[in-house]
Amino acid sequence: MYDALIDSAIDSLKLLPFLFISFLFIEILEHKTESKFEKIISKSKKMGPIIGSLLGAVPQCGFSVLATNLYITRIISLGTLISIYLSTSDEMLPVLISEHASFDIVLKLIISKIIIGMIYGFIIDIIYRNKKNEVFDICEEDDCHCEKGILHSTLVHTFKTLFYIFIVTLFLNVLIEYIGTQNISKLFLKDNLFAPLLASLFGLIPNCASSVMLTELYIHGAINFASVIAGCLSAAGVSLLVLFRTNKNIKENLNILFLLYITGALTGFLINVVSLF
């Protein structure tokens with residue numbers, strides 16, 4: 001329990017600078033941005049999935065956390081958000097390096113996630129291009145007393161979200177510690193055609209444990225490439241906690257969750273099918 005508490009605190013604090021920067025950026029845009037700058041942002045959305053998938057590949061889930069807040073205020077599109085979520089490596093790359101995985105394996109996983117993120121990002125933007133979503137005012141939702149200044153409201157948003165992340169992360173870490181990684185790994189059957197469907201579901205756990213475990217299982221031969229891709233595509237880390245904490249539209253959040261799952265599961269399943277021929 002003590003180890004879970006310390007690990008949860010460390011994992012949460014790692015996100016502090018990303019949360020602060022994202023909320024500060026949003027506050028500045030909401031209070032200081034001129035219409036000309038808003039037009040520039042709007043035009044840049046078309047290339048969002050390309051930029052997003054490249055940024056998402058950076059280790060840790062900091063960029064996906066930042067992107068979550070930018071999407072809620074509609075600074076970036078849904079396709080860009082999904083591209084970042086899909087390419088997010090979270091703890092995958094550090095685990096690969098620590099386990100001395102070959103350069104070919106590292107490159108194969110990262111490039112695959114980036115390309116898949118771009119493709120699905122563009123597809124989703126095309127599908128949802130005419131859909132009008134409600135624009136959320138984070139200050140209004142959080143009652144942060146913006147009249148006290150941008151820095152004050154930024155700190156309020158940051159620490160409220162950080163506390164929420166810590167509580168949920170602690171719960172998940174205790175749960176994983178109690179169940180045990182060995183019992184969880186038994187759920188994944190190597191070379192099973194439908195294994196990616198389960199791996200993608202496992203990846204949705206809003207914690208770095210999912211990406212760590214999936215990567216470890218792949219390195220040690222417990223799951224195949226299709227399963228690790230499926231799971232790591234849907235493993236957006238704690239950014240999902242930020243999404244449900246900040247965005248009050250539960251239906252929209254569940255839709256994003258579904259898109260993450262189905263893209264990961266479908267991609268992994270197709271890879272398995274192709275490997276049979």
# chains A, B, ... in the order shown; residues from 1 in each chain; ligands from 1
$ closest_atom_pairs --of "stretch 225-261 of chain A" --to "stretch 88-107 of chain A" --cutoff "9 Å" --atoms "only C-alpha atoms" --output "CSV"
residue,atom,partner,partner_atom,distance
A:Cys232,CA,A:Ser89,CA,7.2
A:Leu233,CA,A:Thr88,CA,7.5
A:Ser234,CA,A:Thr88,CA,8.9
A:Ala235,CA,A:Thr88,CA,7.5
A:Ala236,CA,A:Thr88,CA,6.1
A:Gly237,CA,A:Asp90,CA,6.4
$ closest_residue --among "A:Ile262, A:Leu55, A:Ala209, A:Leu241" --to "A:Lys160" --atoms "only C-alpha atoms"
A:Leu241
$ atom_distance --atom1 "atom CA of A:Lys46" --atom2 "atom CA of A:Ile76"
9.5 Å
$ closest_residue --among "A:Thr154, A:Ser239, A:Asn173, A:Thr246" --to "A:Thr73" --atoms "only C-alpha atoms"
A:Thr246
$ residues_around --residues "stretch 108-114 of chain A" --least-positions-apart "5" --cutoff "7 Å" --atoms "only C-alpha atoms" --output "VMD selection string"
chain A and resid 53 to 54 57 86 to 87 233
$ write_last_selection --atoms "N, CA and C atoms" --output "short mmCIF file (atom, residue, chain, number, x, y, z; two decimals), in the first residue's frame"
data_model
loop_
_atom_site.label_atom_id
_atom_site.label_comp_id
_atom_site.auth_asym_id
_atom_site.auth_seq_id
_atom_site.Cartn_x
_atom_site.Cartn_y
_atom_site.Cartn_z
N SER A 53 0.06 13.44 -34.10
CA SER A 53 0.62 12.09 -33.99
C SER A 53 2.12 12.12 -33.75
N LEU A 54 2.81 13.13 -34.28
CA LEU A 54 4.25 13.25 -34.06
C LEU A 54 4.54 13.68 -32.61
N ALA A 57 3.97 10.90 -29.90
CA ALA A 57 4.98 9.84 -29.79
C ALA A 57 6.05 10.13 -28.75
N LEU A 86 -3.69 8.02 -29.94
CA LEU A 86 -3.23 6.77 -30.57
C LEU A 86 -1.72 6.66 -30.64
N SER A 87 -1.05 7.78 -30.85
CA SER A 87 0.41 7.73 -30.98
C SER A 87 1.13 7.88 -29.64
N LEU A 233 -2.21 1.40 -28.65
CA LEU A 233 -2.95 2.43 -29.38
C LEU A 233 -4.03 3.05 -28.49
#
$ closest_residue --among "A:Ile119, A:Ile21, A:Val238, A:Leu204" --to "A:Ile256" --atoms "only C-alpha atoms"
A:Leu204
$ closest_residue --among "A:Leu24, A:Val274, A:Leu197, A:Leu5" --to "A:His152" --atoms "only C-alpha atoms"
A:Leu24
$ closest_residue --among "A:Ile84, A:Leu270, A:Val174, A:Val58" --to "A:Ala230" --atoms "only C-alpha atoms"
A:Leu270
$ atom_distance --atom1 "atom CA of A:Phe122" --atom2 "atom CA of A:Met47"
8.7 Å
$ residues_around --residues "A:Ile124" --least-positions-apart "3" --cutoff "9 Å" --atoms "only C-alpha atoms" --output "count of residues only"
10
$ atom_distance --atom1 "atom CA of A:Ile50" --atom2 "atom CA of A:Asn69"
18.7 Å
$ closest_residue --among "A:Ile219, A:Leu162, A:Ile271, A:Leu16" --to "A:Asn192" --atoms "only C-alpha atoms"
A:Ile271
